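K.L.:
Shown below is the structure under consideration.
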Amino acid sequence: MRKQIVGLLGAISIASTGMIATASMADAATASKLVKCGKAGKVTKKMCTLYKKAGPAASKGGYHWDSVGCLRKDPLPYHPEGRACDLVYGKIGKKATGDNKSDGTKMVKWLVAHHKKYSIDHVIWQGVIYSPNGNWRGHKDKNCTSRAGVTVCHRDHVHVAVTR
Ligand SMILES: [Zn+2]
C-alpha cells in the first residue's frame, strides 16, 4: 500500500502541467446540469455518484488515487461534459510503477466490476480500454502507439467516464 498524498498537493501537480483546464468548454446547458462534487469539482450527477462510491472503496482497499481532475477541455466530449475523471496514481507525466501501478490496476478492477451499477461508459489504464466493446475484458487503445506519451497512454492515470 502506498502512502496517500491527499488533497491540494495532487490538484496543484495536475494544474501545473496544464492538463486540467477550467470549465470554459462546457456550454451553458451542460454546465447547468453539473453538480459540485468535492475534490472532483463540477461533474454530472452520475459521475458524482460514482466518485462518492469509488473514493471510500479505494480508501478501504488501500488503492486510493493521489489526485483527481475531471472537467476540462478535450477534443473528446467526456471531460468537457463533466462525465469523465482522471484518477492519478503518482504524478501526471510520470509512468506509474510499483505500488502506484498495482493500485491503479486494483482501481480499474473495481470500476469494471461496478460498471453496470454506476453507468460507466469506459475505463482506460495502461494503454487498455475497458468498455462494452470487448465485453469489458479490455482491448488495446489505438492512441497508445509506441511513440505516444505517458499521459496519452494512460500510464499515469486511470481515466473513467460515465454515460450521459
Ligand atoms: Zn481522462
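By convention in this document, the chains of the C-alpha cells carry letters A, B, ... by their order, each chain's residues are numbered from 1, and ligands are numbered from 1 in the order they are shown.
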If you count only C-alpha atoms and all ligand atoms, which residues end up within 10 Å of ligand 1, as a ChimeraX atom specification?
P.N.:
/A:19-20,68-72,74,76,78-79,83-88,123-125,151-152,154,157-161
K.L.:
Using DSSP secondary structure from the backbone, list all strand (DSSP E or B) positions within segment 54-122 of chain A, as a PyMOL selection string.
P.N.:
chain A and resi 67-69+84-88+120-122
K.L.:
I'd like the interatomic distance between atom CA of Ile129 of chain A and atom CA of Lys52 of chain A, to a tenth of an Å.
P.N.:
22.6 Å
K.L.:
Got a sec to tell me which of chain A DSSP assigns to helix (DSSP H, G or I), as an NGL selection string?
P.N.:
:A and (8-17 or 23-25 or 28-32 or 38-40 or 45-61 or 98-113)
K.L.:
Could you tell me how far atom CA of Val43 of chain A lies from atom CA of Ser119 of chain A, in Å and to one decimal?
P.N.:
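Atom CA of Ser119 of chain A lies 14.2 Å from atom CA of Val43 of chain A.
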K.L.:
Choose the residue, out of A:Gly93, A:Gly62, A:Gly127, A:Gly82, that has the smallest atom-to-atom separation from Lys142 of chain A; count only C-alpha atoms.
P.N.:
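Distance minimum relative to Lys142 of chain A lands on A:Gly127.
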K.L.:
Can you tell me which residues surround Pro132 of chain A at a distance of at most 9 Å, considering only C-alpha atoms, apart from same-chain residues fewer than 5 positions away, and format the answer as a list in words?
P.N.:
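My list of contacting residues is Asp121, His122 and Arg137 of chain A.
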K.L.:
In terms of the shortest atom-to-atom distance over only C-alpha atoms, which of A:Lys95, A:Lys46, A:Lys116, A:Lys36 is closest to Ser131 of chain A?
P.N.:
A:Lys116
K.L.:
Quick one: everything within 10 Å of Gly61 of chain A, counting only C-alpha atoms, minus sequence neighbours fewer than 6 positions away in the same chain. Send it as a list in words.
P.N.:
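Listing them by chain and then by number gives Met1, Gly55, Asp103, Lys106, Met107 and Trp110 of chain A.
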K.L.:
Let me see the file: selected residues, N, CA and C atoms, as a tab-separated table (two decimals), in the first residue's frame.
P.N.:
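That gives us part_29.tsv:
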chain	number	residue	atom	x	y	z
A	1	MET	N	0.84	-1.20	0.00
A	1	MET	CA	0.00	0.00	0.00
A	1	MET	C	0.88	1.25	0.00
A	55	GLY	N	-14.35	6.48	-4.11
A	55	GLY	CA	-13.38	7.02	-3.15
A	55	GLY	C	-13.26	6.15	-1.90
A	103	ASP	N	-1.84	-0.36	-7.63
A	103	ASP	CA	-3.03	0.26	-7.04
A	103	ASP	C	-3.99	0.75	-8.13
A	106	LYS	N	-5.87	-2.13	-9.37
A	106	LYS	CA	-6.94	-2.52	-8.45
A	106	LYS	C	-8.15	-1.60	-8.63
A	107	MET	N	-7.88	-0.32	-8.81
A	107	MET	CA	-8.97	0.64	-9.03
A	107	MET	C	-9.75	0.27	-10.28
A	110	TRP	N	-12.06	-2.61	-9.75
A	110	TRP	CA	-13.27	-2.20	-9.02
A	110	TRP	C	-14.24	-1.51	-9.98
K.L.:
So, counting only C-alpha atoms, which residue among A:Tyr118, A:Trp136, A:Tyr89, A:Tyr130 is closest to Arg155 of chain A?
P.N.:
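Between A:Tyr118, A:Trp136, A:Tyr89, A:Tyr130, the residue approaching Arg155 of chain A most closely is A:Tyr89.
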K.L.:
Please provide as a PyMOL selection string all residues within 9 Å of Thr44 of chain A, with the sequence filter that same-chain residues fewer than 5 positions apart are discarded (counting only C-alpha atoms).
P.N.:
chain A and resi 30-31+33-37+49+81-84+162+164
K.L.:
Which of these, A:Thr105, A:Ala40, A:Leu111, A:Lys73, has the shortest distance to Ala54 of chain A once you count only C-alpha atoms?
P.N.:
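When distances to Ala54 of chain A are compared using only C-alpha atoms, the smallest one comes from A:Leu111.
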K.L.:
Find the residue from A:Ala113, A:Ala58, A:Asp156, A:Pro75 that sits nearest to Lys101 of chain A; use only C-alpha atoms when measuring.
P.N.:
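That would be A:Asp156, the residue with the smallest distance to Lys101 of chain A.
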K.L.:
Ranking A:Pro56, A:Gly138, A:Pro77, A:Gly41 by minimum distance to Gln126 of chain A and counting only C-alpha atoms, which one comes first?
P.N.:
A:Gly138
K.L.:
Expressed in Å to a single decimal, how great is the separation between atom CA of Ile120 of chain A and atom CA of Arg147 of chain A?
P.N.:
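These atoms are spaced 28.7 Å apart.
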